[in-house]
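Only one structure is covered here, and it is reproduced in the block below.
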Amino acid sequence: MGLSDMVNWEVYADMVAAAGGVLEICMTGCLFWRFAKPFLPGNQRTEIVGVTYALVMLVLKFCPLEMDNKICGGIGVLSVFIVMYWIDRRNTKQKLFLALTFYLLEWIAWGVILGPWSSVYHMLVMRPFIAERDALQFVLWVIMEIVFVTMNVFVKAFLIWVLHQNYRYKRENMTKGEFVLLLAPSMSVMAGYWIISYFVNIYRTDLGQDMEDVHGEYIWFRALYMAVSFAALLTVIISYRHIKDGQRREKEDAVLSRQREDMKRHMEEVERLYGDIRSLKHDMANHVMVLESLYGNGIKEREEGGEAEEADRWKESAHESLKGVNRSAEAGKYMAQLRARVEEITFEIRSGNPVTDVILMEKYKEAEKKGIAFQYEFHYPEKAGVEAFDVSIILNNALNNAMEAAEECEDAFVSVRSYQTRNAWMIEVKNSAAGWRDMDEESGLPITTKKEAGHGFGIASIKKAAKKYHGDIDIMQDGREFVLSVMLMKQQG
């Protein structure tokens, strides 16, 4: 780069260049790890991604075999793809897309900064006044090398940040159609860059000069091409986000519709139970009369009450219908049937609201069938201003998730309780767990591994209901227990 022919300066220059190359590779490895981390399980040692990339690129850098930089970069990202697949074998298409995207980001960043950096370099380092002073030129050259590495790392970090902001659904499976959609601009950019590089190499071979030395505007056109390429990649990722937004809204609407149906079913169950209670109350006089007949008390009471004529008619009717019948045994049997009927239509769980009574009873019976210990200490607040519909959303989703998780455990249990603290009403659902659940870094919510429609929106629905009452949710887990706490602020007035 115009340094003096003095051997000492060349040695120092080689040392600085090597150190700068090592630093840039290590920093790029850190960026690759930061780029891939949100897409990988949070409980894994994802830093191995960056370490692998740095080690592979360092080996290739100091390898005695001469290799093209583009091929070296390809080997580096391929090794990282293998490591990502080893860490998490799900969503392979997304991992391939990430590896190719980072490969492009390296060249995009390099192409974007090379134009302005080269201009400053030629104006500062290659001026005749500077070229005549070896020591000064060397110092300025070192400064420009540091600036180049810093700009390169900074631009790549910025590009990664932009992609992270717009690639929202990092842990969702990528379909084949989505993979093709996202890969199309990447392949176009890659093909364009390789074609440009091919003709630049032909130019250098035929004329013995670099194109940028003859045509200075070339580096600016290349920078523009790189910027447009990133814009194309970003546009497709934004389009992908809008597609996923639409899919998510459809799923949320379906979940909300199902929640409304659940609420309707619970209300119908409450109405049915109340109807049965009214019917039982209406028929209670007849049941009492039957029992009195079986025990022989009805006739005596009517005789003592001065209703002799009615007593005679009832006596005649009762004797006729009870001929040859063991009255005590029949009365006991009738009482047992009546008791079973009363137990069937009355609530065993009384939480302070008929809707939550039905939900808790449903889950209690479901837990019994599945062999899950179910504990409850839930009381609906009388004056908290919380609608039963919102509470039903919280309880249904929280208990459904808890039941599914507890089924995988040996000593399965689910507990739900509520309590009041100052001006807040708390709902806490705890369940046994068979391990840690991955959490999404952006939303702070657990990531579902189930592919069925509707999965993955339960806790999101709970959070939305809590936000309606200026509250929030909190999740704690230790690998053996999973605890969901929901805070609802009491409404005044």
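Residue numbering restarts at 1 for every chain of the structure tokens, chains are lettered A, B, ... in their displayed order, and ligands are numbered from 1 as they appear.
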Legend entry - Neighbour list for Val120 of chain A as a PyMOL selection string, cut-off 9 Å, only C-alpha atoms, skip fewer than 5 positions in-chain: chain A and resi 115+125+144
For the selection you just gave me, I'd like the residues written to a file as a short mmCIF file (atom, residue, chain, number, x, y, z; two decimals), in the first residue's frame, keeping N, CA and C atoms.
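Just written: out32.cif:
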```
data_model
loop_
_atom_site.label_atom_id
_atom_site.label_comp_id
_atom_site.auth_asym_id
_atom_site.auth_seq_id
_atom_site.Cartn_x
_atom_site.Cartn_y
_atom_site.Cartn_z
N GLY A 115 -15.87 1.88 -0.57
CA GLY A 115 -15.87 3.12 -1.35
C GLY A 115 -15.40 4.31 -0.55
N VAL A 125 -3.25 8.68 2.89
CA VAL A 125 -2.04 7.86 2.96
C VAL A 125 -1.20 7.96 1.70
N MET A 144 -5.64 3.71 9.38
CA MET A 144 -6.66 3.39 8.38
C MET A 144 -7.06 1.91 8.44
#
```
Need to verify the contact set: segment 178-183 of chain A, 12 Å, only C-alpha atoms, exclusion of same-chain residues closer than 3 positions in sequence. Can you return it as a short mmCIF file (atom, residue, chain, number, x, y, z; two decimals) with C-alpha atoms, in the first residue's frame?
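Now in result.cif:
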```
data_model
loop_
_atom_site.label_atom_id
_atom_site.label_comp_id
_atom_site.auth_asym_id
_atom_site.auth_seq_id
_atom_site.Cartn_x
_atom_site.Cartn_y
_atom_site.Cartn_z
CA ASN A 91 -36.27 -25.82 11.34
CA THR A 92 -33.37 -26.78 9.05
CA LYS A 93 -34.54 -24.49 6.24
CA GLN A 94 -34.31 -21.46 8.50
CA LYS A 95 -30.77 -22.35 9.56
CA LEU A 96 -29.70 -22.66 5.93
CA PHE A 97 -31.23 -19.26 5.23
CA LEU A 98 -29.37 -17.74 8.21
CA ALA A 99 -26.02 -19.13 7.04
CA LEU A 100 -26.48 -17.80 3.50
CA THR A 101 -27.72 -14.44 4.78
CA LEU A 104 -24.03 -12.09 2.11
CA TYR A 167 -37.44 -10.70 11.34
CA GLU A 172 -41.43 -20.39 14.10
CA ASN A 173 -40.94 -23.13 11.55
CA MET A 174 -40.22 -21.97 8.03
CA THR A 175 -42.25 -23.65 5.30
CA SER A 186 -30.20 -13.88 -1.55
CA MET A 187 -29.45 -16.13 -4.50
CA SER A 188 -29.87 -13.22 -6.92
CA VAL A 189 -27.46 -11.05 -4.92
CA MET A 190 -24.97 -13.89 -4.61
CA ALA A 232 -33.93 -6.17 -1.51
CA LEU A 233 -33.14 -8.72 1.20
CA LEU A 234 -34.70 -6.51 3.86
CA THR A 235 -37.82 -5.92 1.74
CA VAL A 236 -38.43 -9.65 1.39
CA ILE A 237 -37.94 -10.18 5.14
CA ILE A 238 -40.45 -7.40 5.84
CA SER A 239 -42.88 -9.02 3.39
CA TYR A 240 -42.36 -12.33 5.17
CA ARG A 241 -43.13 -10.60 8.49
CA HIS A 242 -46.39 -9.20 7.08
CA ILE A 243 -47.36 -12.66 5.85
CA LYS A 244 -46.70 -14.11 9.30
#
```
Inset, instruction - Name the residues in contact with Ile143 of chain A at a cut-off of 12 Å, using only C-alpha atoms, excluding same-chain residues fewer than 4 positions from it; report them as a list of chain:residue names. - result: A:Ala13, A:Val16, A:Ala17, A:Gly20, A:Trp117, A:Val120, A:Tyr121, A:Leu124, A:Val125, A:Leu136, A:Gln137, A:Phe138, A:Val139, A:Val147, A:Phe148, A:Val149, A:Thr150
Legend entry - Of the listed residues A:Glu407, A:Glu252, A:Glu377, A:Asp245, that which approaches Ala460 of chain A most closely, counting only C-alpha atoms: A:Glu252
Inset, instruction - Name the residues in contact with Ser461 of chain A at a cut-off of 9 Å, using only C-alpha atoms, excluding same-chain residues fewer than 2 positions from it; report them as a PyMOL selection string. - result: chain A and resi 252+255-256+393-394+397+457-459+463-466
Requested write-out: C-alpha atoms of the selected residues, as a tab-separated table (two decimals), in the first residue's frame:
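In the end it all went to part-v8.tsv:
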```
chain	number	residue	atom	x	y	z
A	252	GLU	CA	-55.71	-15.31	17.10
A	255	VAL	CA	-58.53	-18.79	19.23
A	256	LEU	CA	-60.77	-15.90	20.28
A	393	ILE	CA	-59.83	-16.80	29.22
A	394	ILE	CA	-57.10	-16.74	31.85
A	397	ASN	CA	-55.71	-21.21	28.82
A	457	PHE	CA	-51.46	-18.43	21.70
A	458	GLY	CA	-52.67	-19.45	25.17
A	459	ILE	CA	-50.23	-17.42	27.26
A	463	LYS	CA	-51.13	-11.57	28.71
A	464	LYS	CA	-53.60	-9.65	26.55
A	465	ALA	CA	-56.37	-10.13	29.13
A	466	ALA	CA	-54.04	-8.96	31.91
```
Inset, instruction - Can you list, as an MDAnalysis selection string, all residues belonging to segment 26-80 of chain A that DSSP tags as helix (DSSP H, G or I)? - result: chainID A and resid 26:39 48:61 69:80
Keeping only C-alpha atoms, write those residues as a PDB file, in the first residue's frame.
```
ATOM      1  CA  CYS A  26     -12.896 -12.866  16.085  1.00  0.00           C
ATOM      2  CA  MET A  27     -15.285  -9.901  16.063  1.00  0.00           C
ATOM      3  CA  THR A  28     -17.147 -11.389  13.093  1.00  0.00           C
ATOM      4  CA  GLY A  29     -17.452 -14.682  15.005  1.00  0.00           C
ATOM      5  CA  CYS A  30     -19.076 -12.760  17.885  1.00  0.00           C
ATOM      6  CA  LEU A  31     -21.446 -11.100  15.426  1.00  0.00           C
ATOM      7  CA  PHE A  32     -22.345 -14.447  13.859  1.00  0.00           C
ATOM      8  CA  TRP A  33     -23.176 -15.787  17.320  1.00  0.00           C
ATOM      9  CA  ARG A  34     -25.286 -12.711  18.080  1.00  0.00           C
ATOM     10  CA  PHE A  35     -27.002 -13.068  14.713  1.00  0.00           C
ATOM     11  CA  ALA A  36     -27.918 -16.738  15.235  1.00  0.00           C
ATOM     12  CA  LYS A  37     -28.638 -16.699  18.986  1.00  0.00           C
ATOM     13  CA  PRO A  38     -32.318 -15.580  18.910  1.00  0.00           C
ATOM     14  CA  PHE A  39     -33.103 -18.370  16.453  1.00  0.00           C
ATOM     15  CA  ILE A  48     -20.198 -22.336  20.046  1.00  0.00           C
ATOM     16  CA  VAL A  49     -21.571 -20.890  16.774  1.00  0.00           C
ATOM     17  CA  GLY A  50     -19.261 -17.893  16.935  1.00  0.00           C
ATOM     18  CA  VAL A  51     -16.320 -19.914  18.227  1.00  0.00           C
ATOM     19  CA  THR A  52     -16.648 -22.398  15.358  1.00  0.00           C
ATOM     20  CA  TYR A  53     -16.749 -19.670  12.734  1.00  0.00           C
ATOM     21  CA  ALA A  54     -13.720 -17.882  14.201  1.00  0.00           C
ATOM     22  CA  LEU A  55     -11.638 -21.057  14.478  1.00  0.00           C
ATOM     23  CA  VAL A  56     -12.445 -22.232  10.941  1.00  0.00           C
ATOM     24  CA  MET A  57     -11.679 -18.820   9.425  1.00  0.00           C
ATOM     25  CA  LEU A  58      -8.424 -18.500  11.391  1.00  0.00           C
ATOM     26  CA  VAL A  59      -7.282 -21.900  10.167  1.00  0.00           C
ATOM     27  CA  LEU A  60      -8.104 -20.931   6.576  1.00  0.00           C
ATOM     28  CA  LYS A  61      -6.378 -17.560   6.970  1.00  0.00           C
ATOM     29  CA  ASN A  69     -11.823 -15.225   0.031  1.00  0.00           C
ATOM     30  CA  LYS A  70     -15.302 -16.074  -1.222  1.00  0.00           C
ATOM     31  CA  ILE A  71     -14.567 -19.791  -0.936  1.00  0.00           C
ATOM     32  CA  CYS A  72     -13.109 -19.320   2.551  1.00  0.00           C
ATOM     33  CA  GLY A  73     -16.238 -17.436   3.606  1.00  0.00           C
ATOM     34  CA  GLY A  74     -18.411 -20.209   2.177  1.00  0.00           C
ATOM     35  CA  ILE A  75     -16.518 -22.855   4.156  1.00  0.00           C
ATOM     36  CA  GLY A  76     -16.914 -20.754   7.304  1.00  0.00           C
ATOM     37  CA  VAL A  77     -20.690 -20.373   7.062  1.00  0.00           C
ATOM     38  CA  LEU A  78     -21.086 -24.037   6.062  1.00  0.00           C
ATOM     39  CA  SER A  79     -19.303 -25.099   9.232  1.00  0.00           C
ATOM     40  CA  VAL A  80     -21.576 -22.837  11.270  1.00  0.00           C
TER      41      VAL A  80
END
```
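With only C-alpha atoms as the atoms that count, the minimum distance from Gly371 of chain A to the choices A:Val483, A:Val386, A:Cys409, A:Ile462 is reached by A:Cys409.
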